[in-house]
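For reference, the structure discussed in these notes is given below.
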Amino acid sequence: MNTDDLIAALAGDVTPAPRHAVARRLALGLALGAVAAVAIMVSLFGVRADLMPAMMTGPFWLKLVYVLSLAALGFGLIDRLARPDGEGGVLATMIVAPLAVMIILAAYQLADAPAALRMQLMMGGSYKVCALNIVIVSVPIFLGVFWALRSLAPTRLTLSGAVAGMLAGATGAFIYAFHCTEVSAPFMTVWYTLGIVVVGAVGAVLGRTLLHW
Amino acid sequence: MVRSLAGDGVAYATLLRRLNGHLRAYYVRRLGPGRGADAEDLLQETLIAMHARRSTYDATRPFTAWVHAIARYKLIDHFRRTKRRAEDPLEDPELLFSSADTNAAEAQIDVEQLLRRLPEKTRRLIRDVKIEGLSTAEAAARHNISESAVKVGVHRGLKSLGVEIKDEAS
């Protein structure tokens with residue numbers, strides 16, 4: 001095809017683009033994935049029976065705030081990386097902040113606890129399944145976010161894949177937190193983080209293929 | 001671009017035609033002579049990609065940076081597909097045109113036009129070594145001079161061009 005004809009064809013096909021189109025697209029993918037993830041979580045694991053009383057306790061909220069702050073940073077970061085000239089900027093370094101806070105809290109709890117109890121704080125009652133469950137719940141969110149990214153224009157594919165995976169993992173962890181009854185900061189720091197990192201690593205590996213355009 | 005995103009097809013066509021020239025120069029220069037068809041393919045692919053993903057342009061950021069990022073992505077992708085290593089001109093301190101495509105004003109500097117200011121011999125040396133990509137030895141053989149003469153000639157030529165570009169800019 002002649003390039004001049006191509007230009008004419010493209011110019012004839014111009015419709016107004018909505019403002020914040022990138023964020024909207026990402027939010028749509030995230031939301032669709034999250035709806036499916038909630039369905040999976042409820043049918044596979046079930047919402048914890050003591051949700052109401054749990055909502056009166058600190059650890060329940062700590063868990064939510066931790067993963068939600070990771071998800072928010074991940075969203076802000078991927079909103080930039082989804083553009084061809086996108087740079088992580090200051091958000092990229094801020095992403096370690098929630099983890100750093102959790103590590104300090106966890107270290108404090110561990111130091112405060114009698115030696116015999118430390119292992120229990122770390123492992124809780126569900127360490128064998130926690131990270132895996134988070135990964136399972138994250139799958140539809142992962143698909144949703146990657147679907148959105150495929151219509152956008154990331155140029156750093158591995159990094160974008162990693163951040164998108166992390167966003168999916170953190171959102172999945174948020175949903176899973178309504179099932180999980182663990183209360184200790186060391187448990188959250190180790191196992192929630194592990195689940196999120198695994199999804200992020202999968203995203204990094206698949207980024208080059210899935211996000212290619 | 002801002003008007004194009006608002007749905008102005010005429011502004012968009014004008015924009016695409018102007019980009020067309022810049023992008024063609026960009027790809028022709030990067031792919032080297034004899035690869036005009038590849039450059040044309042890449043150019044069209046880039047225009048289509050830009051069109052399909054135009055919503056990723058953020059009006060608060062420089063438009064040239066956005067276009068350049070897409071063009072660069074498509075170029076690297078092309079090199080990856082064809083298994084040819086992308087030579088990064090930034091790694092070559094002698095190549096003073098290295099930043100010529102980083103913004104629209106600089107992109108208009110025509111390499112050929114610049115070269116015409118140099119003495120015939122130097123010009124041919126630079127064209128052979130820097131644009132056609134001959135090795136120093138090959139160029140030396142072609143011009144019947146020693147390898148070090150080639151190196152010195154190219155170096156001096158680029159240096160004087162650099163001085164001229166700088167003078168014009170200031």
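Ordering of the structure tokens sets the chain letters (A, B, ...), residue numbers begin anew at 1 in every chain, and ligands are numbered from 1 in the order given.
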Output as a tab-separated table one row per residue of chain B within 9 Å of chain A: the closest atom pair and its distance in Å to one decimal place, counting only C-alpha atoms, sorted by chain and residue number ascending.
residue	atom	partner	partner_atom	distance
B:Ser4	CA	A:Val14	CA	7.3
B:Leu5	CA	A:Pro16	CA	5.3
B:Ala6	CA	A:Pro16	CA	4.5
B:Gly7	CA	A:Pro16	CA	4.2
B:Asp8	CA	A:Val14	CA	7.3
B:Gly9	CA	A:Ala11	CA	5.3
B:Val10	CA	A:Ala11	CA	7.2
B:Ala11	CA	A:Ala11	CA	8.6
B:Tyr12	CA	A:Ala11	CA	5.8
B:Ala13	CA	A:Ala11	CA	5.1
B:Thr14	CA	A:Ala11	CA	8.9
B:Leu16	CA	A:Ile7	CA	6.4
B:Arg17	CA	A:Ile7	CA	7.0
B:Asn20	CA	A:Thr3	CA	8.3
B:Glu40	CA	A:Thr3	CA	7.9
B:Leu43	CA	A:Thr3	CA	8.3
B:Gln44	CA	A:Thr3	CA	6.4
B:Leu47	CA	A:Ile7	CA	7.9
B:Ile48	CA	A:Leu10	CA	7.6
B:Ala49	CA	A:Trp213	CA	8.0
B:Met50	CA	A:Ala153	CA	8.9
B:His51	CA	A:Leu10	CA	6.9
B:Ala52	CA	A:Ser151	CA	8.1
B:Arg53	CA	A:Leu152	CA	5.8
B:Arg54	CA	A:Ala17	CA	8.1
B:Ser55	CA	A:Ala21	CA	5.9
B:Thr56	CA	A:Arg83	CA	5.3
B:Tyr57	CA	A:Arg83	CA	6.9
B:Asp58	CA	A:His20	CA	8.2
B:Ala65	CA	A:Asp85	CA	6.4
B:Trp66	CA	A:Asp85	CA	5.4
B:Val67	CA	A:Pro84	CA	8.2
B:His68	CA	A:Asp85	CA	8.1
B:Ala69	CA	A:Asp85	CA	5.3
B:Ile70	CA	A:Pro84	CA	5.8
B:Tyr73	CA	A:Thr155	CA	6.2
B:Lys74	CA	A:Trp213	CA	8.7
- Just the alpha helix (DSSP H) stuff from region 8-140 of chain A, please, per backbone DSSP, written as a VMD selection string. chain A and resid 8 to 12 21 to 44 51 to 54 58 to 81 90 to 94 96 to 112 115 to 123 127 to 140
Keeping only C-alpha atoms, take the residues you just selected and write them out as a short mmCIF file (atom, residue, chain, number, x, y, z; two decimals), in the first residue's frame.
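Wrote it out as again_7.cif, contents follow:
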data_model
loop_
_atom_site.label_atom_id
_atom_site.label_comp_id
_atom_site.auth_asym_id
_atom_site.auth_seq_id
_atom_site.Cartn_x
_atom_site.Cartn_y
_atom_site.Cartn_z
CA ALA A 8 -5.48 9.34 3.94
CA ALA A 9 -7.13 6.17 5.27
CA LEU A 10 -5.88 6.76 8.80
CA ALA A 11 -6.92 10.41 8.79
CA GLY A 12 -10.39 9.39 7.64
CA ALA A 21 -7.98 6.95 27.99
CA VAL A 22 -5.03 4.93 29.33
CA ALA A 23 -6.19 4.97 32.95
CA ARG A 24 -9.74 4.17 31.89
CA ARG A 25 -8.67 1.21 29.84
CA LEU A 26 -6.51 -0.15 32.65
CA ALA A 27 -9.26 0.41 35.21
CA LEU A 28 -11.71 -1.46 32.99
CA GLY A 29 -9.38 -4.46 32.66
CA LEU A 30 -8.65 -4.38 36.37
CA ALA A 31 -12.33 -4.16 37.30
CA LEU A 32 -13.41 -6.98 34.98
CA GLY A 33 -10.65 -9.17 36.36
CA ALA A 34 -11.50 -8.27 39.93
CA VAL A 35 -15.16 -9.23 39.49
CA ALA A 36 -14.10 -12.67 38.27
CA ALA A 37 -11.53 -12.88 41.07
CA VAL A 38 -14.18 -12.18 43.71
CA ALA A 39 -16.31 -14.96 42.24
CA ILE A 40 -13.37 -17.37 42.37
CA MET A 41 -12.48 -16.36 45.90
CA VAL A 42 -16.04 -16.74 47.20
CA SER A 43 -16.67 -20.08 45.53
CA LEU A 44 -13.27 -21.62 46.21
CA LEU A 51 -15.80 -10.75 58.86
CA MET A 52 -17.90 -8.32 60.90
CA PRO A 53 -16.01 -8.66 64.18
CA ALA A 54 -12.71 -8.84 62.26
CA GLY A 58 -6.27 -3.57 63.42
CA PRO A 59 -4.59 -6.49 61.63
CA PHE A 60 -7.52 -6.82 59.23
CA TRP A 61 -7.02 -3.23 58.12
CA LEU A 62 -3.25 -3.45 58.14
CA LYS A 63 -3.48 -6.26 55.60
CA LEU A 64 -5.87 -4.27 53.40
CA VAL A 65 -3.85 -1.07 53.60
CA TYR A 66 -0.63 -2.91 52.77
CA VAL A 67 -1.88 -4.61 49.62
CA LEU A 68 -4.03 -1.67 48.59
CA SER A 69 -1.07 0.72 48.74
CA LEU A 70 0.92 -1.72 46.60
CA ALA A 71 -1.97 -1.93 44.14
CA ALA A 72 -2.34 1.86 44.00
CA LEU A 73 1.35 2.37 43.34
CA GLY A 74 1.27 -0.42 40.76
CA PHE A 75 -1.64 1.23 39.00
CA GLY A 76 0.06 4.62 38.93
CA LEU A 77 3.20 3.03 37.59
CA ILE A 78 1.56 0.97 34.88
CA ASP A 79 -0.47 4.02 33.82
CA ARG A 80 2.88 5.59 32.92
CA LEU A 81 4.57 2.50 31.51
CA VAL A 90 9.51 8.60 41.53
CA LEU A 91 6.70 6.04 41.79
CA ALA A 92 9.13 3.26 40.91
CA THR A 93 11.15 3.88 44.06
CA MET A 94 8.08 4.48 46.19
CA VAL A 96 9.28 -0.39 48.12
CA ALA A 97 7.86 1.93 50.80
CA PRO A 98 4.88 -0.23 51.83
CA LEU A 99 7.12 -3.27 52.03
CA ALA A 100 9.66 -1.36 54.12
CA VAL A 101 6.92 -0.29 56.57
CA MET A 102 5.71 -3.89 56.80
CA ILE A 103 9.22 -5.19 57.44
CA ILE A 104 9.65 -2.71 60.28
CA LEU A 105 6.28 -3.65 61.79
CA ALA A 106 7.07 -7.34 61.41
CA ALA A 107 10.49 -6.97 62.97
CA TYR A 108 8.93 -5.09 65.85
CA GLN A 109 6.32 -7.81 66.44
CA LEU A 110 8.92 -10.54 66.22
CA ALA A 111 11.25 -8.78 68.64
CA ASP A 112 8.38 -8.18 71.01
CA ALA A 115 11.11 -16.71 71.19
CA ALA A 116 8.85 -19.76 71.22
CA LEU A 117 6.07 -17.86 69.49
CA ARG A 118 8.12 -16.31 66.70
CA MET A 119 7.83 -19.24 64.36
CA GLN A 120 4.08 -19.22 64.86
CA LEU A 121 3.90 -15.50 64.01
CA MET A 122 5.81 -16.12 60.82
CA MET A 123 3.98 -19.23 59.64
CA TYR A 127 1.45 -20.52 55.23
CA LYS A 128 1.26 -23.57 52.99
CA VAL A 129 -1.61 -22.19 50.95
CA CYS A 130 -1.55 -18.41 51.38
CA ALA A 131 0.79 -17.44 48.54
CA LEU A 132 -0.68 -20.08 46.23
CA ASN A 133 -4.24 -18.92 46.93
CA ILE A 134 -3.27 -15.34 46.19
CA VAL A 135 -1.84 -16.45 42.86
CA ILE A 136 -5.03 -18.36 42.03
CA VAL A 137 -7.29 -15.41 42.87
CA SER A 138 -5.01 -13.11 40.85
CA VAL A 139 -5.30 -15.04 37.58
CA PRO A 140 -8.38 -13.28 36.16
#
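What separates CA of Ala25 (chain B) from CA of Val152 (chain B) is a distance of 28.0 Å.
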- Query: Which one is closest to Leu161 (chain B): B:Thr64, B:His143, B:Arg116, B:Leu31? Count only C-alpha atoms.
  - Reply: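 Going through B:Thr64, B:His143, B:Arg116, B:Leu31 one by one, the smallest distance to Leu161 (chain B) is for B:Arg116.
The neighbours of Ser146 (chain B) here are the residues that come within 10 Å of it, using only C-alpha atoms and leaving out any residue fewer than 5 positions away in the same chain; they are Thr136, Ala137, Ala139, Ala140, Ala141 and Lys151 of chain B.
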- Message: For a quick check of understanding, using only C-alpha atoms, which of A:Ala148, A:Ile196, A:Val190, A:Cys180 has the smallest distance to Arg48 (chain A)?
- Response: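 Answer, going by the shortest atom-to-atom distance: A:Cys180.
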- State, in Å with one decimal place, the distance from CA of Val199 (chain A) to CA of Gly169 (chain A).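 Calculated distance between CA of Val199 (chain A) and CA of Gly169 (chain A) is 5.4 Å.
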- Would you mind listing what lies within 8 Å of region 120-130 of chain B as JSON, numbers by chain, with only C-alpha atoms counted and same-chain residues fewer than 2 positions away left out? {"B": [95, 115, 116, 118, 132, 133, 134, 135, 136, 139, 150, 153, 154, 157, 158]}
- Name all residues at most 10 Å from Leu210 (chain A) (count only C-alpha atoms; drop same-chain ones fewer than 4 positions away) and give them as a list in words. Phe146, Trp147, Leu149, Arg150, Leu157, Thr158, Gly161, Gly203, Val205 and Leu206 of chain A
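With only C-alpha atoms as the atoms that count, the minimum distance from Trp191 (chain A) to the choices A:Ile141, A:Met56, A:Ala177, A:Ala162 is reached by A:Ala177.
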- Distance in Å - CA of Leu167 (chain A) versus CA of Met55 (chain A): 24.0 Å
